Every structure is written in structure tokens, then in C-alpha cells.
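Shown here: work-v2.cif, mmCIF, C-alpha atoms and all ligand atoms.
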data_protein
loop_
_atom_site.group_PDB
_atom_site.id
_atom_site.type_symbol
_atom_site.label_atom_id
_atom_site.label_comp_id
_atom_site.auth_asym_id
_atom_site.auth_seq_id
_atom_site.Cartn_x
_atom_site.Cartn_y
_atom_site.Cartn_z
ATOM 1 C CA MET A 1 -6.692 -26.720 -16.780
ATOM 2 C CA SER A 2 -3.096 -27.776 -17.309
ATOM 3 C CA THR A 3 -0.438 -25.085 -17.180
ATOM 4 C CA LEU A 4 2.074 -27.280 -19.010
ATOM 5 C CA PRO A 5 2.680 -26.946 -22.766
ATOM 6 C CA VAL A 6 0.530 -29.533 -24.562
ATOM 7 C CA ASN A 7 3.420 -31.683 -25.792
ATOM 8 C CA GLU A 8 4.963 -31.927 -22.373
ATOM 9 C CA TYR A 9 1.621 -32.709 -20.815
ATOM 10 C CA VAL A 10 0.948 -35.494 -23.286
ATOM 11 C CA THR A 11 4.394 -37.070 -22.801
ATOM 12 C CA GLN A 12 4.201 -36.964 -19.040
ATOM 13 C CA HIS A 13 0.629 -38.018 -18.974
ATOM 14 C CA HIS A 14 1.338 -41.105 -21.061
ATOM 15 C CA SER A 15 4.275 -42.346 -18.971
ATOM 16 C CA LEU A 16 2.799 -41.616 -15.585
ATOM 17 C CA ASP A 17 -0.421 -43.368 -16.619
ATOM 18 C CA ILE A 18 1.540 -46.628 -16.594
ATOM 19 C CA PRO A 19 1.109 -47.840 -12.999
ATOM 20 C CA PHE A 20 4.619 -49.293 -12.581
ATOM 21 C CA VAL A 21 6.211 -46.134 -14.065
ATOM 22 C CA HIS A 22 4.116 -43.965 -11.758
ATOM 23 C CA GLU A 23 5.152 -46.024 -8.758
ATOM 24 C CA MET A 24 8.866 -45.731 -9.644
ATOM 25 C CA ALA A 25 8.515 -41.968 -10.173
ATOM 26 C CA LYS A 26 6.790 -41.607 -6.817
ATOM 27 C CA ILE A 27 9.296 -43.678 -4.825
ATOM 28 C CA THR A 28 12.392 -42.080 -6.370
ATOM 29 C CA GLN A 29 10.947 -38.617 -5.657
ATOM 30 C CA CYS A 30 10.145 -39.634 -2.098
ATOM 31 C CA MET A 31 13.685 -40.956 -1.486
ATOM 32 C CA TRP A 32 15.241 -37.820 -2.983
ATOM 33 C CA LYS A 33 13.080 -35.657 -0.715
ATOM 34 C CA SER A 34 14.194 -37.761 2.257
ATOM 35 C CA GLY A 35 17.767 -36.737 1.409
ATOM 36 C CA TRP A 36 18.865 -40.281 0.714
ATOM 37 C CA ASP A 37 19.610 -39.884 -3.006
ATOM 38 C CA GLU A 38 21.826 -36.891 -3.612
ATOM 39 C CA ARG A 39 22.951 -36.320 -7.192
ATOM 40 C CA ASN A 40 22.722 -39.707 -8.991
ATOM 41 C CA GLY A 41 22.844 -41.712 -5.759
ATOM 42 C CA GLY A 42 20.638 -44.756 -5.438
ATOM 43 C CA ASN A 43 18.994 -47.197 -7.819
ATOM 44 C CA VAL A 44 15.806 -49.265 -7.981
ATOM 45 C CA SER A 45 14.786 -52.364 -9.918
ATOM 46 C CA CYS A 46 11.444 -54.172 -9.881
ATOM 47 C CA ILE A 47 10.455 -57.434 -11.504
ATOM 48 C CA LEU A 48 7.253 -57.027 -13.548
ATOM 49 C CA ASP A 49 4.811 -59.629 -14.864
ATOM 50 C CA GLU A 50 4.626 -60.036 -18.629
ATOM 51 C CA GLN A 51 0.886 -59.284 -18.702
ATOM 52 C CA GLU A 52 1.410 -56.195 -16.584
ATOM 53 C CA VAL A 53 3.972 -54.871 -19.089
ATOM 54 C CA ALA A 54 2.053 -55.982 -22.201
ATOM 55 C CA ALA A 55 -1.005 -54.013 -21.051
ATOM 56 C CA TYR A 56 0.931 -50.752 -21.663
ATOM 57 C CA ILE A 57 3.996 -51.511 -23.793
ATOM 58 C CA ASP A 58 4.499 -53.408 -27.061
ATOM 59 C CA ILE A 59 6.632 -56.302 -25.819
ATOM 60 C CA GLN A 60 7.468 -57.398 -29.406
ATOM 61 C CA ASP A 61 9.136 -54.057 -30.125
ATOM 62 C CA VAL A 62 12.713 -54.300 -28.833
ATOM 63 C CA LYS A 63 14.200 -50.793 -29.103
ATOM 64 C CA ARG A 64 17.804 -51.726 -28.307
ATOM 65 C CA THR A 65 19.768 -54.599 -26.857
ATOM 66 C CA LEU A 66 22.453 -54.242 -24.200
ATOM 67 C CA GLN A 67 25.103 -56.578 -22.893
ATOM 68 C CA PRO A 68 24.790 -57.414 -19.176
ATOM 69 C CA ALA A 69 28.023 -57.587 -17.112
ATOM 70 C CA PHE A 70 27.495 -61.363 -16.884
ATOM 71 C CA PRO A 71 24.948 -63.779 -18.434
ATOM 72 C CA VAL A 72 21.784 -63.934 -16.323
ATOM 73 C CA HIS A 73 20.267 -67.305 -17.221
ATOM 74 C CA GLU A 74 18.373 -67.433 -13.911
ATOM 75 C CA LEU A 75 16.392 -64.344 -14.948
ATOM 76 C CA ALA A 76 15.844 -65.268 -18.621
ATOM 77 C CA GLY A 77 12.545 -63.902 -19.927
ATOM 78 C CA ARG A 78 11.979 -61.734 -16.836
ATOM 79 C CA TYR A 79 10.772 -58.142 -17.179
ATOM 80 C CA PHE A 80 12.199 -55.283 -15.096
ATOM 81 C CA ILE A 81 11.717 -51.591 -14.598
ATOM 82 C CA VAL A 82 15.024 -50.004 -13.545
ATOM 83 C CA THR A 83 16.513 -46.587 -12.874
ATOM 84 C CA GLY A 84 19.100 -45.347 -15.369
ATOM 85 C CA SER A 85 22.838 -45.061 -14.763
ATOM 86 C CA GLY A 86 23.938 -41.558 -13.721
ATOM 87 C CA LYS A 87 20.321 -40.373 -13.492
ATOM 88 C CA TYR A 88 19.113 -38.143 -10.677
ATOM 89 C CA PHE A 89 16.126 -39.380 -8.632
ATOM 90 C CA LYS A 90 15.126 -35.705 -8.412
ATOM 91 C CA ASN A 91 14.327 -35.712 -12.149
ATOM 92 C CA VAL A 92 12.400 -38.966 -12.612
ATOM 93 C CA LEU A 93 8.953 -37.471 -12.014
ATOM 94 C CA ASP A 94 9.404 -34.841 -14.761
ATOM 95 C CA ASP A 95 10.975 -37.207 -17.289
ATOM 96 C CA PRO A 96 10.208 -40.861 -16.542
ATOM 97 C CA ALA A 97 11.226 -42.135 -20.005
ATOM 98 C CA GLY A 98 14.612 -40.395 -19.845
ATOM 99 C CA ASN A 99 15.465 -41.691 -16.375
ATOM 100 C CA LEU A 100 13.824 -45.130 -16.183
ATOM 101 C CA GLY A 101 13.731 -48.140 -18.455
ATOM 102 C CA VAL A 102 11.693 -51.290 -18.939
ATOM 103 C CA LEU A 103 13.769 -54.253 -20.038
ATOM 104 C CA ARG A 104 13.506 -57.965 -20.602
ATOM 105 C CA VAL A 105 16.313 -60.429 -20.111
ATOM 106 C CA SER A 106 16.538 -62.309 -23.441
ATOM 107 C CA ALA A 107 15.397 -65.931 -23.608
ATOM 108 C CA ASP A 108 19.042 -67.123 -23.561
ATOM 109 C CA GLY A 109 19.948 -64.819 -20.641
ATOM 110 C CA GLU A 110 22.761 -63.201 -22.657
ATOM 111 C CA GLN A 111 21.163 -59.856 -23.557
ATOM 112 C CA LEU A 112 18.991 -57.100 -22.135
ATOM 113 C CA GLU A 113 16.160 -56.017 -24.435
ATOM 114 C CA VAL A 114 15.092 -52.405 -23.891
ATOM 115 C CA LEU A 115 11.313 -52.133 -24.413
ATOM 116 C CA TRP A 116 10.601 -48.656 -23.085
ATOM 117 C CA GLY A 117 12.423 -45.583 -21.748
ATOM 118 C CA LEU A 118 16.197 -45.155 -21.272
ATOM 119 C CA GLU A 119 15.795 -42.453 -23.911
ATOM 120 C CA ASN A 120 18.775 -40.634 -25.449
ATOM 121 C CA GLY A 121 21.152 -43.572 -25.070
ATOM 122 C CA ALA A 122 20.724 -44.037 -21.323
ATOM 123 C CA VAL A 123 21.726 -47.401 -19.814
ATOM 124 C CA PRO A 124 20.526 -49.256 -16.690
ATOM 125 C CA THR A 125 21.922 -48.464 -13.233
ATOM 126 C CA SER A 126 25.643 -49.034 -12.604
ATOM 127 C CA GLU A 127 24.615 -51.346 -9.764
ATOM 128 C CA LEU A 128 22.738 -53.724 -12.090
ATOM 129 C CA PRO A 129 25.089 -56.639 -11.173
ATOM 130 C CA ALA A 130 24.187 -56.230 -7.470
ATOM 131 C CA HIS A 131 20.503 -55.919 -8.354
ATOM 132 C CA PHE A 132 20.411 -58.958 -10.659
ATOM 133 C CA MET A 133 22.433 -61.166 -8.291
ATOM 134 C CA SER A 134 20.256 -60.062 -5.363
ATOM 135 C CA HIS A 135 17.055 -60.782 -7.324
ATOM 136 C CA ILE A 136 18.373 -64.270 -8.124
ATOM 137 C CA GLU A 137 19.178 -65.046 -4.478
ATOM 138 C CA ARG A 138 15.984 -63.549 -3.026
ATOM 139 C CA LEU A 139 13.805 -65.439 -5.565
ATOM 140 C CA ARG A 140 15.469 -68.670 -4.448
ATOM 141 C CA VAL A 141 14.327 -68.155 -0.863
ATOM 142 C CA ASP A 142 11.122 -66.171 -1.537
ATOM 143 C CA PRO A 143 9.061 -66.678 -4.721
ATOM 144 C CA GLN A 144 7.099 -63.490 -3.836
ATOM 145 C CA HIS A 145 10.266 -61.369 -4.042
ATOM 146 C CA ARG A 146 10.134 -58.550 -6.680
ATOM 147 C CA VAL A 147 11.994 -55.383 -5.647
ATOM 148 C CA VAL A 148 15.565 -54.243 -4.897
ATOM 149 C CA ILE A 149 16.155 -50.664 -3.686
ATOM 150 C CA HIS A 150 19.542 -49.087 -3.006
ATOM 151 C CA ASN A 151 19.934 -45.658 -1.436
ATOM 152 C CA HIS A 152 22.269 -43.626 0.745
ATOM 153 C CA ALA A 153 20.068 -43.468 3.873
ATOM 154 C CA THR A 154 21.806 -40.836 5.976
ATOM 155 C CA HIS A 155 21.797 -42.177 9.512
ATOM 156 C CA THR A 156 22.377 -45.763 8.427
ATOM 157 C CA LEU A 157 25.487 -44.580 6.636
ATOM 158 C CA ALA A 158 26.541 -42.458 9.639
ATOM 159 C CA MET A 159 26.109 -45.404 11.986
ATOM 160 C CA THR A 160 28.639 -47.443 9.979
ATOM 161 C CA PHE A 161 31.347 -45.004 11.154
ATOM 162 C CA VAL A 162 30.745 -45.385 14.864
ATOM 163 C CA HIS A 163 29.208 -48.819 15.466
ATOM 164 C CA ASP A 164 30.917 -52.204 15.366
ATOM 165 C CA LEU A 165 30.252 -53.696 11.891
ATOM 166 C CA ASP A 166 29.606 -57.182 13.239
ATOM 167 C CA GLU A 167 26.156 -57.955 11.760
ATOM 168 C CA ARG A 168 24.789 -59.525 14.932
ATOM 169 C CA ALA A 169 25.870 -56.617 17.138
ATOM 170 C CA PHE A 170 24.612 -54.111 14.549
ATOM 171 C CA THR A 171 21.263 -55.900 14.227
ATOM 172 C CA ARG A 172 20.834 -56.088 18.006
ATOM 173 C CA THR A 173 21.464 -52.359 18.371
ATOM 174 C CA LEU A 174 18.908 -51.567 15.643
ATOM 175 C CA TRP A 175 16.319 -53.869 17.253
ATOM 176 C CA GLU A 176 16.847 -52.022 20.527
ATOM 177 C CA MET A 177 16.230 -48.593 18.990
ATOM 178 C CA CYS A 178 12.514 -48.853 18.070
ATOM 179 C CA THR A 179 9.870 -51.258 19.283
ATOM 180 C CA GLU A 180 8.788 -52.212 15.732
ATOM 181 C CA CYS A 181 12.252 -53.215 14.465
ATOM 182 C CA VAL A 182 12.435 -56.878 15.477
ATOM 183 C CA VAL A 183 8.959 -57.346 13.993
ATOM 184 C CA VAL A 184 9.867 -55.659 10.676
ATOM 185 C CA PHE A 185 13.265 -57.329 10.197
ATOM 186 C CA PRO A 186 13.509 -60.424 12.407
ATOM 187 C CA ASP A 187 15.974 -61.787 9.792
ATOM 188 C CA GLY A 188 18.446 -59.037 10.793
ATOM 189 C CA ILE A 189 20.865 -57.018 8.677
ATOM 190 C CA GLY A 190 23.671 -58.315 6.481
ATOM 191 C CA ILE A 191 26.842 -56.213 6.291
ATOM 192 C CA ILE A 192 29.614 -56.560 3.712
ATOM 193 C CA PRO A 193 33.110 -55.038 3.972
ATOM 194 C CA TRP A 194 33.744 -51.697 2.247
ATOM 195 C CA MET A 195 34.155 -52.384 -1.482
ATOM 196 C CA VAL A 196 34.297 -50.455 -4.757
ATOM 197 C CA PRO A 197 30.681 -49.916 -5.926
ATOM 198 C CA GLY A 198 29.358 -50.919 -9.346
ATOM 199 C CA SER A 199 31.496 -54.051 -9.565
ATOM 200 C CA SER A 200 30.418 -57.660 -9.941
ATOM 201 C CA GLN A 201 32.421 -58.379 -6.735
ATOM 202 C CA ILE A 202 30.272 -56.097 -4.599
ATOM 203 C CA GLY A 203 27.225 -57.553 -6.340
ATOM 204 C CA ARG A 204 28.295 -61.085 -5.421
ATOM 205 C CA ALA A 205 29.062 -60.146 -1.789
ATOM 206 C CA THR A 206 25.686 -58.390 -1.468
ATOM 207 C CA ALA A 207 23.752 -61.248 -3.012
ATOM 208 C CA ASP A 208 25.496 -63.801 -0.765
ATOM 209 C CA LYS A 209 24.121 -61.884 2.237
ATOM 210 C CA MET A 210 20.682 -61.786 0.576
ATOM 211 C CA ARG A 211 20.375 -65.555 1.081
ATOM 212 C CA GLU A 212 19.703 -64.865 4.753
ATOM 213 C CA HIS A 213 18.712 -61.196 4.958
ATOM 214 C CA ARG A 214 16.383 -58.875 3.051
ATOM 215 C CA ALA A 215 18.571 -55.870 3.854
ATOM 216 C CA VAL A 216 22.310 -55.431 3.367
ATOM 217 C CA ILE A 217 24.422 -52.470 4.464
ATOM 218 C CA TRP A 218 27.379 -51.159 2.496
ATOM 219 C CA PRO A 219 29.602 -49.412 5.089
ATOM 220 C CA GLN A 220 30.198 -45.687 4.480
ATOM 221 C CA HIS A 221 27.959 -45.946 1.390
ATOM 222 C CA GLY A 222 24.340 -46.986 1.912
ATOM 223 C CA ILE A 223 21.821 -49.770 2.079
ATOM 224 C CA PHE A 224 20.075 -52.379 -0.078
ATOM 225 C CA GLY A 225 16.514 -53.358 0.819
ATOM 226 C CA THR A 226 14.343 -55.969 -0.881
ATOM 227 C CA GLY A 227 10.737 -57.119 -0.781
ATOM 228 C CA GLY A 228 7.654 -58.362 -2.590
ATOM 229 C CA CYS A 229 6.676 -54.827 -3.634
ATOM 230 C CA ILE A 230 8.058 -51.293 -3.498
ATOM 231 C CA ASP A 231 6.220 -50.518 -0.259
ATOM 232 C CA GLU A 232 7.768 -53.529 1.427
ATOM 233 C CA ALA A 233 11.351 -52.890 0.259
ATOM 234 C CA PHE A 234 11.083 -49.170 1.008
ATOM 235 C CA GLY A 235 9.337 -49.757 4.350
ATOM 236 C CA LEU A 236 12.199 -52.029 5.379
ATOM 237 C CA ILE A 237 14.810 -49.368 4.557
ATOM 238 C CA GLU A 238 12.721 -46.662 6.236
ATOM 239 C CA THR A 239 12.483 -48.690 9.434
ATOM 240 C CA ILE A 240 16.221 -49.447 9.525
ATOM 241 C CA GLU A 241 16.993 -45.796 8.816
ATOM 242 C CA LYS A 242 14.668 -44.654 11.622
ATOM 243 C CA ALA A 243 16.426 -46.978 14.072
ATOM 244 C CA ALA A 244 19.830 -45.732 12.905
ATOM 245 C CA GLN A 245 18.624 -42.154 13.369
ATOM 246 C CA ILE A 246 17.586 -42.875 16.948
ATOM 247 C CA TYR A 247 20.987 -44.481 17.535
ATOM 248 C CA MET A 248 22.806 -41.424 16.218
ATOM 249 C CA LEU A 249 20.637 -39.221 18.461
ATOM 250 C CA ILE A 250 21.219 -41.194 21.664
ATOM 251 C CA ALA A 251 24.542 -43.046 21.364
ATOM 252 C CA HIS A 252 26.550 -40.202 22.903
ATOM 253 C CA LEU A 253 24.089 -39.597 25.772
ATOM 254 C CA PRO A 254 23.793 -41.423 29.105
ATOM 255 C CA ILE A 255 21.167 -44.169 28.646
ATOM 256 C CA ARG A 256 18.690 -44.384 31.533
ATOM 257 C CA GLN A 257 16.464 -47.133 30.183
ATOM 258 C CA LYS A 258 16.088 -49.291 27.085
ATOM 259 C CA ILE A 259 14.087 -52.197 25.663
ATOM 260 C CA THR A 260 15.458 -55.300 27.404
ATOM 261 C CA GLN A 261 16.421 -58.534 25.640
ATOM 262 C CA GLN A 262 13.474 -60.230 27.375
ATOM 263 C CA GLU A 263 11.112 -57.530 26.106
ATOM 264 C CA LEU A 264 12.407 -58.062 22.555
ATOM 265 C CA ILE A 265 11.720 -61.782 22.916
ATOM 266 C CA ASP A 266 8.219 -61.071 24.257
ATOM 267 C CA LEU A 267 7.634 -58.682 21.361
ATOM 268 C CA ALA A 268 8.665 -61.234 18.751
ATOM 269 C CA GLN A 269 6.440 -63.816 20.362
ATOM 270 C CA ALA A 270 3.446 -61.452 20.470
ATOM 271 C CA PHE A 271 3.855 -60.668 16.754
ATOM 272 C CA GLY A 272 4.609 -64.245 15.722
ATOM 273 C CA VAL A 273 8.107 -63.646 14.318
ATOM 274 C CA THR A 274 11.289 -65.605 14.996
ATOM 275 C CA PRO A 275 14.304 -63.360 15.621
ATOM 276 C CA ARG A 276 17.446 -64.543 13.872
ATOM 277 C CA ALA A 277 19.253 -66.961 16.203
ATOM 278 C CA GLY A 278 22.305 -65.881 18.151
ATOM 279 C CA ILE A 279 21.474 -62.170 18.433
ATOM 280 C CA LEU A 280 19.417 -61.816 21.594
ATOM 281 C CA GLU A 281 21.217 -62.859 24.771
ATOM 282 C CA LEU A 282 19.546 -63.647 28.043
HETATM 283 O O1 LIG B 1 23.842 -45.035 -8.693
HETATM 284 O O2 LIG B 1 24.366 -45.138 -5.710
HETATM 285 O O3 LIG B 1 26.162 -47.066 -5.697
HETATM 286 C C1 LIG B 1 24.790 -44.444 -7.890
HETATM 287 C C2 LIG B 1 25.032 -45.258 -6.696
HETATM 288 C C3 LIG B 1 26.111 -46.245 -6.795
HETATM 289 ZN ZN ZN B 2 25.165 -45.947 -3.941
#
Once you've parsed the file, please lay out its structure as C-alpha cells.
Amino acid sequence: MSTLPVNEYVTQHHSLDIPFVHEMAKITQCMWKSGWDERNGGNVSCILDEQEVAAYIDIQDVKRTLQPAFPVHELAGRYFIVTGSGKYFKNVLDDPAGNLGVLRVSADGEQLEVLWGLENGAVPTSELPAHFMSHIERLRVDPQHRVVIHNHATHTLAMTFVHDLDERAFTRTLWEMCTECVVVFPDGIGIIPWMVPGSSQIGRATADKMREHRAVIWPQHGIFGTGGCIDEAFGLIETIEKAAQIYMLIAHLPIRQKITQQELIDLAQAFGVTPRAGILEL
């Protein structure tokens, strides 16, 4: 028997019955519990198939239209589920429709059509420019691409204070921290300079890195991870964060042994991945 008032139960039940809403509620809750999304930190966007959306939502019923920061012709007609601007990941599970939204980029790429959620005048994440530009670049190199996740992964952020921000050196250090790393992100990490968040400039810089990497670090701020599904994008961030955590645990201690460059090469070979050129030195 439910202990919730009937109205609340019905509302929640409806939203969380939608698989892509449920998945967003679960992942935002998980990231908040990991301590990576304090207050309104972090944002997520996923590309959805039209049939997937139409199975649960009336796609003819546009509730509101919004103006994107720039026209997004490359994404015209695409459907997205996104987190809302200023919304707390902590609260998504209890109120999916107030904290998330399903939108479609209009056929001319000039408008965003809200189809579900973003209740009470909410708008999509402040980092929508970075998300849209990253989706565009990732789709160019990977037709299976669907998801962009941004969060404030603690040790990754900490590491940007003490480690050289050269992306090759940073990537090599991460690969050396856990045996699985070179297998999970053989394409390495992109790093942009510190920039003001929420702007089209930081979006452009992030997306430029996304041509060659699925993960991009924003120094003293957080990380962007991408993938073909939420598990993949989140798993990438989780793996980078784990490596950064190990680094922060060991960097100040005398190192007695480590994974050698040759062992990293052997590892890549055994798992059939090609490490980004110019990082491993023999
Ligand atoms: O959504 O994380 O980068 C809040 C942020 C901005
Ligand atoms: Zn952020």
C-alpha cells in the first residue's frame, strides 16, 4: 500500500512510468548522492527517438516555445530530455516534471518546442549551448552518440588544481591510476582553459574538444562526459573520477611501483583499443 497522498502518487507514478524520465531521475539522484551535484550543479541532456517519445507524450501538443541561444539547424527535429536551469538534482526523483523537460528542436532549428515537463515556467539548463554544440560534434564522429552529462566530480575538480593541465600529461596520469582507464577512454581527455560557464564561448570550446574526445574537463569546475546512452556517459565520468581520486590519494606519497608505459601498451593491445597517439612514451 502506498503511503503517499493519492494525487502525489498518481503524478509521480505517471512521470516515472516513462522510461526515459525514470532513467533521468535515477541518474541525477545517483550523481547527487555521489556528491558531484551540490545545489543546482550539473546538467544532463539525452537525444530521444521520435517513436520513443510519441509512445508516452503527445508530440503534436507544443506547450511552449523557447528561443535557443543560437539557431541549431544541425539538430532540427531532434527530441531531447534535459534537466532544468537552476534545478537541484536532489529533487528530480520527487518532481520529475518540475525539474526535467522534453523538447523538440523546431523543423527550422530556430525554436525549442516544450512537449512535457519544465513546469511552472522552468527553462532548460544554463549549459544548453555546451550541450547542443557537443551533441552536434559527437554526432558528426559517432552516429550512435546520444547523451551529454556535466557534473562537478570532486576529485577530478581537485586534480585540476595540482596537476599540469596539458591534456596529454593529464590523460597519461589518469591512465596510470587504474588498470581499466586506457581501455575505457583510449581517446583521452580534452581540457579547456578556465572560462565563464553558461556562455556560448565555453560551449564552443567544449564542443571543439569533443571532436576528438568523449570527455572534456573544465578546470576548477567539473567534467563533461558523452556516450551512446546514460550508462556509457556516466560510466566514463565515473571511471575518470575514480582515477582522479586515486591520484589525489597517492600524489603526495612516495611511489614504490606503478603501471609502466609498456604495461599500458600491452593492456590496450589485449583489449583491442588504440591509445591516443603521443601520450605513451617508451
Ligand atoms: O547547472 O553546473 O555549469 C549548473 C552548472 C553550471
Ligand atoms: Zn557546472
Inset, instruction - Kindly resolve the PyMOL selection byres (((not hetatm)) within 7 of (chain B and resi 1)) on the present coordinates and return the residues as a PyMOL selection string. - result: chain A and resi 40-43+85-86+125-127+150-152+197-198
The PyMOL selection byres (((chain A and resi 123) around 12) and not hetatm) - which residues does that actually catch in the file I just gave you? List them as a compact mmCIF listing (two decimals) with C-alpha atoms, in the coordinates of the input.
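That gives us selection.txt:
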# COMPACT_ATOMS: atom_id res chain seq x y z
CA ARG A 64 17.80 -51.73 -28.31
CA THR A 65 19.77 -54.60 -26.86
CA LEU A 66 22.45 -54.24 -24.20
CA GLN A 67 25.10 -56.58 -22.89
CA PRO A 68 24.79 -57.41 -19.18
CA VAL A 82 15.02 -50.00 -13.54
CA THR A 83 16.51 -46.59 -12.87
CA GLY A 84 19.10 -45.35 -15.37
CA SER A 85 22.84 -45.06 -14.76
CA GLY A 86 23.94 -41.56 -13.72
CA LYS A 87 20.32 -40.37 -13.49
CA ALA A 97 11.23 -42.14 -20.00
CA GLY A 98 14.61 -40.40 -19.84
CA ASN A 99 15.46 -41.69 -16.38
CA LEU A 100 13.82 -45.13 -16.18
CA GLY A 101 13.73 -48.14 -18.45
CA VAL A 102 11.69 -51.29 -18.94
CA LEU A 103 13.77 -54.25 -20.04
CA LEU A 112 18.99 -57.10 -22.14
CA GLU A 113 16.16 -56.02 -24.44
CA VAL A 114 15.09 -52.40 -23.89
CA TRP A 116 10.60 -48.66 -23.08
CA GLY A 117 12.42 -45.58 -21.75
CA LEU A 118 16.20 -45.16 -21.27
CA GLU A 119 15.80 -42.45 -23.91
CA ASN A 120 18.77 -40.63 -25.45
CA GLY A 121 21.15 -43.57 -25.07
CA ALA A 122 20.72 -44.04 -21.32
CA PRO A 124 20.53 -49.26 -16.69
CA THR A 125 21.92 -48.46 -13.23
CA SER A 126 25.64 -49.03 -12.60
CA GLU A 127 24.62 -51.35 -9.76
CA LEU A 128 22.74 -53.72 -12.09
Inset, instruction - Quick one: apply the PyMOL selection byres (((chain A and resi 54-57) around 10) and not hetatm) to the file and drop the selected residues here as a list of chain:residue names. - result: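 Checked against the file, the PyMOL selection byres (((chain A and resi 54-57) around 10) and not hetatm) matches A:His14, A:Ser15, A:Asp17, A:Ile18, A:Pro19, A:Phe20, A:Asp49, A:Glu50, A:Gln51, A:Glu52, A:Val53, A:Asp58, A:Ile59, A:Gln60, A:Asp61, A:Val102, A:Leu115, A:Trp116.
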Set out as a tab-separated table a contact list for segment 198-224 of chain A and segment 154-178 of chain A with a cut-off of 7 Å, giving each residue of segment 198-224 of chain A that qualifies its closest atom pair and distance in Å to one decimal, counting only C-alpha atoms, ordered by chain and rising residue number.
residue	atom	partner	partner_atom	distance
A:Pro219	CA	A:Thr160	CA	5.4
A:Gln220	CA	A:Leu157	CA	5.3
A:His221	CA	A:Leu157	CA	6.0
A:Gly222	CA	A:Leu157	CA	5.4
Legend entry - Nearest candidate to His135 of chain A (options A:Val184, A:Ile217, A:Val44, A:Val92; using only C-alpha atoms):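 Nearest to His135 of chain A: A:Val44.
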Legend entry - Closest of A:Phe185, A:Phe132, A:Trp194, A:Phe224 to Val72 of chain A - atom-to-atom distances counting all atoms listed in the file: A:Phe132
Inset, instruction - Quick one: pull the distance between atom CA of Gly190 of chain A and atom CA of Arg214 of chain A, Å, one decimal. - result: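 Distance between the two atoms: 8.1 Å.
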